file query-v1.cif (mmCIF, C-alpha atoms)
data_final
#
loop_
_atom_site.label_atom_id
_atom_site.label_comp_id
_atom_site.auth_asym_id
_atom_site.auth_seq_id
_atom_site.Cartn_x
_atom_site.Cartn_y
_atom_site.Cartn_z
CA MET W 1 111.79 139.12 50.43
CA ASN W 2 108.82 139.80 52.65
CA PHE W 3 109.41 138.08 55.98
CA GLY W 4 105.95 138.64 57.33
CA PRO W 5 103.24 136.01 57.43
CA VAL W 6 101.99 135.26 53.94
CA SER W 7 98.46 134.16 53.07
CA GLY W 8 97.91 130.70 51.65
CA ARG W 9 96.67 132.28 48.46
CA GLU W 10 99.87 134.29 48.02
CA LEU W 11 102.02 131.35 49.04
CA ALA W 12 100.45 128.96 46.54
CA ALA W 13 101.03 131.51 43.77
CA GLN W 14 104.60 132.12 44.92
CA VAL W 15 105.72 128.48 44.93
CA SER W 16 104.11 127.72 41.58
CA SER W 17 105.98 130.57 39.90
CA THR W 18 108.82 129.82 37.51
CA GLU W 19 111.08 132.19 39.45
CA PHE W 20 110.63 130.23 42.68
CA LYS W 21 111.24 126.91 40.96
CA VAL W 22 114.42 128.22 39.33
CA HIS W 23 115.69 129.56 42.65
CA CYS W 24 114.90 126.31 44.45
CA SER W 25 116.72 124.28 41.81
CA ARG W 26 119.79 126.48 42.40
CA PHE W 27 119.78 126.83 46.16
CA VAL W 28 117.78 123.96 47.70
CA ALA W 29 119.18 120.45 47.20
CA GLN W 30 116.88 117.57 46.32
CA SER W 31 117.94 115.47 49.30
CA PRO W 32 119.95 115.78 52.51
CA GLY W 33 122.75 113.75 50.94
CA ARG W 34 123.03 116.10 47.98
CA ALA W 35 123.00 119.11 50.29
CA LEU W 36 125.84 117.64 52.34
CA ASP W 37 127.75 116.66 49.20
CA ALA W 38 127.54 120.25 47.99
CA ILE W 39 129.15 121.37 51.25
CA ALA W 40 131.83 118.68 50.96
CA ARG W 41 132.63 119.72 47.39
CA GLN W 42 133.12 123.33 48.43
CA PHE W 43 134.90 122.83 51.73
CA GLY W 44 136.58 119.45 51.38
CA SER W 45 134.49 117.56 53.92
CA ARG W 46 131.06 117.40 55.48
CA PRO W 47 130.68 119.39 58.70
CA ALA W 48 131.46 117.58 61.95
CA PRO W 49 128.56 117.25 64.42
CA ASP W 50 129.71 120.40 66.25
CA GLY W 51 130.32 122.24 62.95
CA HIS W 52 133.63 123.71 64.04
CA ASN W 53 135.58 122.17 61.15
CA ASN W 54 133.63 124.19 58.61
CA PRO W 55 134.83 127.76 57.98
CA ALA W 56 131.46 128.94 56.69
CA ILE W 57 129.62 127.73 59.80
CA SER W 58 132.28 129.41 61.94
CA GLU W 59 131.94 132.69 60.03
CA ILE W 60 128.16 132.65 60.21
CA ARG W 61 128.35 131.99 63.97
CA ARG W 62 130.83 134.82 64.51
CA LEU W 63 128.67 137.28 62.59
CA LEU W 64 125.53 136.25 64.49
CA ALA W 65 127.41 136.73 67.77
CA THR W 66 128.08 140.36 66.80
CA LEU W 67 124.47 140.96 65.75
CA VAL W 68 122.48 139.70 68.72
CA LYS W 69 121.59 141.88 71.69
CA ASP W 70 120.34 138.87 73.62
CA ASN W 71 122.14 135.55 73.16
CA ALA W 72 118.82 133.74 73.65
CA ALA W 73 117.97 134.73 70.07
CA LEU W 74 120.66 132.32 68.89
CA ASN W 75 118.56 129.49 70.32
CA GLY W 76 116.04 130.40 67.64
CA LEU W 77 118.29 129.60 64.70
CA MET W 78 120.07 126.62 63.23
CA ILE W 79 122.63 126.80 60.43
CA THR W 80 121.42 124.33 57.83
CA ALA W 81 122.21 122.41 54.65
CA PRO W 82 119.16 123.53 52.62
CA HIS W 83 117.31 120.60 51.08
CA SER W 84 113.85 119.24 50.49
CA HIS W 85 112.31 115.78 50.24
CA TRP W 86 109.47 116.88 48.00
CA ASP W 87 108.97 118.56 44.66
CA ASP W 88 105.29 118.46 43.76
CA GLY W 89 104.72 122.19 43.35
CA ARG W 90 102.93 122.73 46.68
CA PRO W 91 104.37 124.67 49.62
CA ILE W 92 106.24 122.65 52.26
CA ILE W 93 104.42 123.29 55.53
CA VAL W 94 105.35 122.34 59.11
CA ARG W 95 102.35 121.65 61.36
CA PHE W 96 101.67 120.52 64.91
CA GLY W 97 98.70 118.37 65.82
CA ASN W 98 97.84 115.42 68.04
CA GLY W 99 101.10 115.93 69.88
CA ARG W 100 103.17 115.50 66.74
CA TYR W 101 105.04 117.74 64.32
CA THR W 102 104.56 116.87 60.64
CA ILE W 103 106.06 118.36 57.50
CA GLY W 104 105.27 117.99 53.82
CA PRO W 105 103.69 119.47 50.70
CA THR W 106 100.31 120.92 51.57
CA ASP W 107 97.17 122.28 49.94
CA VAL W 108 97.29 125.55 51.84
CA GLU W 109 94.22 127.39 53.10
CA PRO W 110 93.84 130.60 51.05
CA GLU W 111 93.08 132.81 54.04
CA GLU W 112 95.37 131.21 56.60
CA ALA W 113 98.71 132.85 57.45
CA TYR W 114 101.99 131.03 56.97
CA ILE W 115 105.37 132.05 58.41
CA PRO W 116 108.63 131.34 56.55
CA VAL W 117 110.87 129.16 58.71
CA SER W 118 113.64 127.78 56.45
CA PHE W 119 115.88 129.85 54.21
CA ALA W 120 118.75 129.36 51.81
CA LEU W 121 121.34 132.16 51.78
CA THR W 122 121.44 133.52 48.23
CA SER W 123 122.73 136.48 46.26
CA GLU W 124 119.13 137.44 45.61
CA GLY W 125 118.08 137.57 49.24
CA PRO W 126 117.11 134.85 51.71
CA LEU W 127 115.10 132.20 49.85
CA ALA W 128 112.25 130.86 51.99
CA TYR W 129 111.40 127.25 51.12
CA GLU W 130 109.48 125.95 54.18
CA TRP W 131 106.70 127.61 56.17
CA ALA W 132 104.91 127.02 59.48
CA ASP W 133 101.13 127.22 59.75
CA THR W 134 99.27 128.66 62.72
CA SER W 135 99.36 125.35 64.60
CA ILE W 136 103.00 126.13 65.42
CA ASP W 137 103.20 128.39 68.46
CA LEU W 138 105.63 131.13 67.44
CA ALA W 139 105.94 134.39 69.40
CA PRO W 140 105.77 137.24 66.85
CA GLU W 141 108.57 139.24 68.51
CA GLU W 142 110.86 136.19 68.51
CA VAL W 143 110.04 135.48 64.88
CA SER W 144 110.81 139.11 63.96
CA ALA W 145 114.16 138.99 65.77
CA THR W 146 115.24 135.74 64.11
CA HIS W 147 114.05 136.89 60.68
CA ALA W 148 116.12 140.05 61.12
CA LEU W 149 119.18 137.89 61.84
CA VAL W 150 118.51 135.84 58.70
CA GLN W 151 118.27 139.03 56.65
CA GLN W 152 121.47 140.46 58.14
CA ALA W 153 123.39 137.20 57.68
CA ASN W 154 122.25 137.04 54.08
CA GLU W 155 123.45 140.59 53.45
CA VAL W 156 126.95 139.50 54.43
CA PHE W 157 127.07 135.92 53.14
CA GLY W 158 124.45 135.72 50.40
CA THR W 159 126.98 136.48 47.68
CA LYS W 160 129.48 133.88 48.88
CA GLY W 161 127.79 131.00 47.11
CA TRP W 162 127.89 128.87 50.24
CA PRO W 163 125.45 125.94 50.23
CA PHE W 164 124.16 126.89 53.68
CA GLY W 165 120.97 128.32 55.05
CA LEU W 166 119.32 129.29 58.31
CA ALA W 167 116.19 127.80 59.83
CA LEU W 168 114.02 128.83 62.76
CA ALA W 169 114.56 126.32 65.57
CA PHE W 170 111.13 125.79 67.12
CA ARG W 171 110.80 122.02 67.21
CA PHE W 172 110.01 120.64 70.69
CA LYS W 173 110.52 124.09 72.22
CA THR W 174 109.70 127.77 71.93
CA LEU W 175 111.92 129.70 69.58
CA PHE W 176 114.28 131.32 72.08
CA ALA W 177 114.39 128.40 74.54
CA PRO W 178 117.60 126.33 74.52
CA GLN W 179 117.45 123.22 72.38
CA SER W 180 117.14 120.28 74.74
CA VAL W 181 116.69 117.46 72.23
CA SER W 182 117.73 116.81 68.65
CA ALA W 183 114.99 116.93 66.01
CA VAL W 184 115.04 114.29 63.28
CA GLU W 185 112.88 114.73 60.19
CA TYR W 186 111.62 111.34 59.11
CA THR W 187 109.66 110.98 55.88
CA PHE W 188 106.96 108.34 55.65
CA GLU W 189 108.63 107.11 52.48
CA ASP W 190 111.23 105.77 54.89
CA LEU W 191 108.56 103.60 56.42
CA GLY W 192 107.61 102.14 53.05
CA SER W 193 104.17 103.75 52.96
CA ASN W 194 102.82 105.98 50.24
CA GLU W 195 102.21 108.92 52.54
CA GLU W 196 103.72 112.19 51.46
CA ASP W 197 104.22 113.79 54.85
CA GLY W 198 107.13 113.42 57.17
CA ILE W 199 107.13 113.37 60.94
CA ILE W 200 109.59 115.16 63.13
CA LEU W 201 110.88 113.00 65.95
CA THR W 202 113.31 113.32 68.77
CA ARG W 203 116.38 111.18 68.31
CA ALA W 204 115.18 108.94 71.14
CA GLU W 205 111.82 108.45 69.39
CA LEU W 206 113.56 107.59 66.12
CA GLU W 207 115.75 105.01 67.80
CA GLN W 208 112.68 103.47 69.41
CA LEU W 209 110.77 103.44 66.10
CA VAL W 210 113.66 102.14 63.99
CA PRO W 211 116.50 100.78 66.13
CA ASP W 212 119.89 101.54 64.61
CA ALA W 213 118.36 103.87 62.03
CA GLY W 214 121.04 106.10 60.62
CA TYR W 215 120.45 109.77 60.16
CA ALA W 216 122.23 112.61 58.45
CA GLN W 217 122.91 115.79 60.36
CA VAL W 218 121.67 118.78 58.38
CA GLY W 219 121.59 121.50 61.05
CA TRP W 220 124.19 122.95 63.39
CA HIS W 221 123.83 125.29 66.35
CA ALA W 222 124.30 129.02 65.81
CA PHE W 223 126.56 129.84 68.77
CA ALA W 224 130.15 131.05 68.41
CA ASP W 225 132.36 130.54 71.45
CA GLU W 226 132.58 134.33 71.62
CA THR W 227 128.97 134.55 72.77
CA GLU W 228 130.00 133.16 76.17
CA GLY W 229 132.35 136.07 76.88
CA LEU W 230 135.32 133.85 77.69
CA SER W 231 138.71 135.13 78.78
CA THR W 232 141.62 134.50 76.40
CA ASP W 233 142.85 131.66 78.61
CA ALA W 234 139.41 130.08 78.69
CA SER W 235 139.09 130.39 74.91
CA GLU W 236 142.38 128.58 74.50
CA ALA W 237 141.23 125.92 76.96
CA VAL W 238 138.04 125.35 74.94
CA LYS W 239 140.05 124.82 71.77
CA LEU W 240 142.38 122.38 73.50
CA ILE W 241 139.60 120.41 75.20
CA ARG W 242 137.53 120.31 72.01
CA ALA W 243 140.50 118.86 70.12
CA LEU W 244 141.15 116.30 72.84
CA ALA W 245 137.46 115.33 73.05
CA GLN W 246 137.22 114.57 69.33
CA GLY W 247 139.08 111.31 69.83
CA MET W 248 137.31 110.27 73.03
CA SER W 249 134.89 107.38 73.43
CA GLU W 250 131.36 108.07 74.65
CA GLN W 251 132.35 106.78 78.07
CA ASP W 252 135.36 109.05 78.28
CA ARG W 253 133.22 112.01 77.28
CA HIS W 254 131.03 111.22 80.27
CA SER W 255 134.19 111.27 82.38
CA LEU W 256 135.08 114.61 80.81
CA ARG W 257 131.64 115.93 81.78
CA ASP W 258 132.12 114.69 85.35
CA LEU W 259 135.54 116.32 85.50
CA ILE W 260 134.18 119.67 84.34
CA GLU W 261 131.33 119.45 86.86
CA ARG W 262 133.84 118.79 89.65
CA GLN W 263 136.01 121.70 88.51
CA THR W 264 132.96 123.95 88.44
CA ARG W 265 132.27 123.12 92.09
CA ALA W 266 135.94 123.24 93.17
CA MET K 1 137.58 107.30 90.47
CA ARG K 2 137.28 105.08 87.39
CA ASP K 3 140.17 102.94 86.30
CA PHE K 4 141.00 104.64 83.03
CA ASP K 5 143.14 103.25 80.32
CA ALA K 6 146.45 105.07 80.10
CA ALA K 7 145.68 107.21 77.04
CA PRO K 8 142.30 108.55 78.15
CA GLN K 9 143.72 109.15 81.62
CA ARG K 10 146.47 111.25 80.10
CA THR K 11 143.92 113.09 78.00
CA LEU K 12 141.74 113.83 81.01
CA SER K 13 144.80 114.96 82.94
CA GLU K 14 145.52 117.42 80.15
CA VAL K 15 141.96 118.69 80.41
CA GLN K 16 142.28 119.01 84.19
CA ASN K 17 145.52 120.96 83.78
CA ALA K 18 143.84 123.29 81.29
CA LEU K 19 140.94 123.93 83.64
CA GLU K 20 142.48 124.23 87.07
CA SER K 21 143.91 127.73 86.59
CA LEU K 22 140.58 129.09 85.36
CA PRO K 23 137.86 130.70 87.49
CA ARG K 24 134.82 128.52 88.17
CA GLU K 25 132.55 130.69 86.06
CA ASP K 26 134.81 130.18 83.05
CA VAL K 27 134.82 126.43 83.63
CA ALA K 28 131.02 126.48 83.75
CA LYS K 29 130.91 128.40 80.45
CA ILE K 30 133.30 125.89 78.91
CA GLY K 31 131.01 123.09 80.08
CA ALA K 32 128.04 124.80 78.42
CA ILE K 33 129.96 125.19 75.15
CA LEU K 34 131.10 121.58 75.06
CA HIS K 35 127.63 120.34 75.97
CA ARG K 36 126.14 122.31 73.08
CA ASP K 37 128.77 120.76 70.80
CA GLY K 38 127.72 117.27 71.94
CA LEU K 39 131.18 116.52 73.34
CA LEU K 40 130.15 115.56 76.87
CA GLY K 41 128.58 112.19 76.09
CA GLU K 42 125.12 113.63 75.72
CA GLU K 43 123.10 114.91 72.85
CA GLY K 44 124.37 118.17 71.39
CA THR K 45 122.21 120.60 69.50
CA VAL K 46 121.57 119.15 66.06
CA MET K 47 118.90 118.96 63.41
CA ALA K 48 118.88 115.80 61.31
CA CYS K 49 117.06 113.73 58.73
CA GLY K 50 116.74 109.98 58.90
CA PRO K 51 117.25 107.25 58.25
CA ALA K 52 120.51 107.40 56.33
CA SER K 53 119.26 104.87 53.74
CA HIS K 54 116.90 107.48 52.37
CA MET K 55 119.42 110.26 52.25
CA PHE K 56 121.10 109.86 48.89
#

call {"tool": "encode", "arguments": {"input": "query-v1.cif", "output": "structure tokens"}}
result
Amino acid sequence: MNFGPVSGRELAAQVSSTEFKVHCSRFVAQSPGRALDAIARQFGSRPAPDGHNNPAISEIRRLLATLVKDNAALNGLMITAPHSHWDDGRPIIVRFGNGRYTIGPTDVEPEEAYIPVSFALTSEGPLAYEWADTSIDLAPEEVSATHALVQQANEVFGTKGWPFGLALAFRFKTLFAPQSVSAVEYTFEDLGSNEEDGIILTRAELEQLVPDAGYAQVGWHAFADETEGLSTDASEAVKLIRALAQGMSEQDRHSLRDLIERQTRA
Amino acid sequence: MRDFDAAPQRTLSEVQNALESLPREDVAKIGAILHRDGLLGEEGTVMACGPASHMF
């Protein structure tokens, strides 16, 4: 596929083609739940929040670790469960305006440029199914580097039939900056309105808007432990601590954090 | 120090044992890894859709 910016005219033609619709029906689930169920069917369970229980996520992370020259590029990607909330024949566009990210089917501007930001890994090449418009501040060199990683990952894993994808991670940050908050996509259907768009919130904003709202995790970080350059002993320690931490309460995890901070200063 | 229940105290002791022979820079890297995984009582790096009632 062509990773470069695509004009609205080209994009509208692309998403209305039979080929695109057939590919989407094969590789992009109709809801987050269905996307996660597809993973569970193939691997026996849904991925844990850290993703380490899923062999495909682990393999994708390990490959990415070997591909990057600068680990910061891994901040620009999330491993995803490809899905969509909409199916009305228009391109799904992410925008930023009035201090808020929104996402949804859009009547694109014919002459405006759109950048592919979400991909399913497929045997026919990375399938782009969401795009950012020019309101999203994306550095071209960072976009090129992350797109190259998507292409290379697809070359290795596209034929595996894994229900996973890769997405550019630009919400609430620049592409290569570390993710500091979790992004939650929240469709206005959830609010009982007839709006088609969704808003992208931080988890804190979601909990303020809808206390106790559940959410489904559909994206996992792209870092393998190997990217940190750990010694063998430290790698073993990570595995042990990770296993121990799985059963800890939130409070005990805070104690674990304090312990690690003390050991770092010791 | 907090008054831990016996089991978590044992768990944290195991963590301390695993860490104390490591250089500080390795411990710092381990902290960064576990933070990214969301295992240190703070938000990890995730992307999500919500609420769950609309997911299926």

call {"tool": "interface_residues", "arguments": {"input": "query-v1.cif", "of": "chain W", "to": "chain K", "cutoff": "6 Å", "atoms": "only C-alpha atoms", "output": "ChimeraX atom specification"}}
result
/W:32-33,50,182-186,213-221,237,241,250,253-254,257,264

call {"tool": "residues_around", "arguments": {"input": "query-v1.cif", "residues": "range 52-68 of chain W", "least_positions_apart": "6", "cutoff": "6 Å", "atoms": "only C-alpha atoms", "output": "PyMOL selection string"}}
result
chain W and resi 222-224+227

call {"tool": "atom_distance", "arguments": {"input": "query-v1.cif", "atom1": "CA of Phe96 in chain W", "atom2": "CA of Ile136 in chain W"}}
result
5.8 Å

call {"tool": "atom_distance", "arguments": {"input": "query-v1.cif", "atom1": "CA of Leu11 in chain W", "atom2": "CA of Asp87 in chain W"}}
result
15.2 Å

call {"tool": "atom_distance", "arguments": {"input": "query-v1.cif", "atom1": "CA of Glu111 in chain W", "atom2": "CA of Ser7 in chain W"}}
result
5.6 Å

call {"tool": "resolve_selection", "arguments": {"input": "query-v1.cif", "expression": "the PyMOL selection byres ((chain W and resi 108) around 12)", "output": "count of residues only"}}
result
30

call {"tool": "closest_residue", "arguments": {"input": "query-v1.cif", "among": "W:Ser249, W:Val210, W:Asp88, W:Glu142", "to": "Ser16 in chain W", "atoms": "all atoms listed in the file"}}
result
W:Asp88
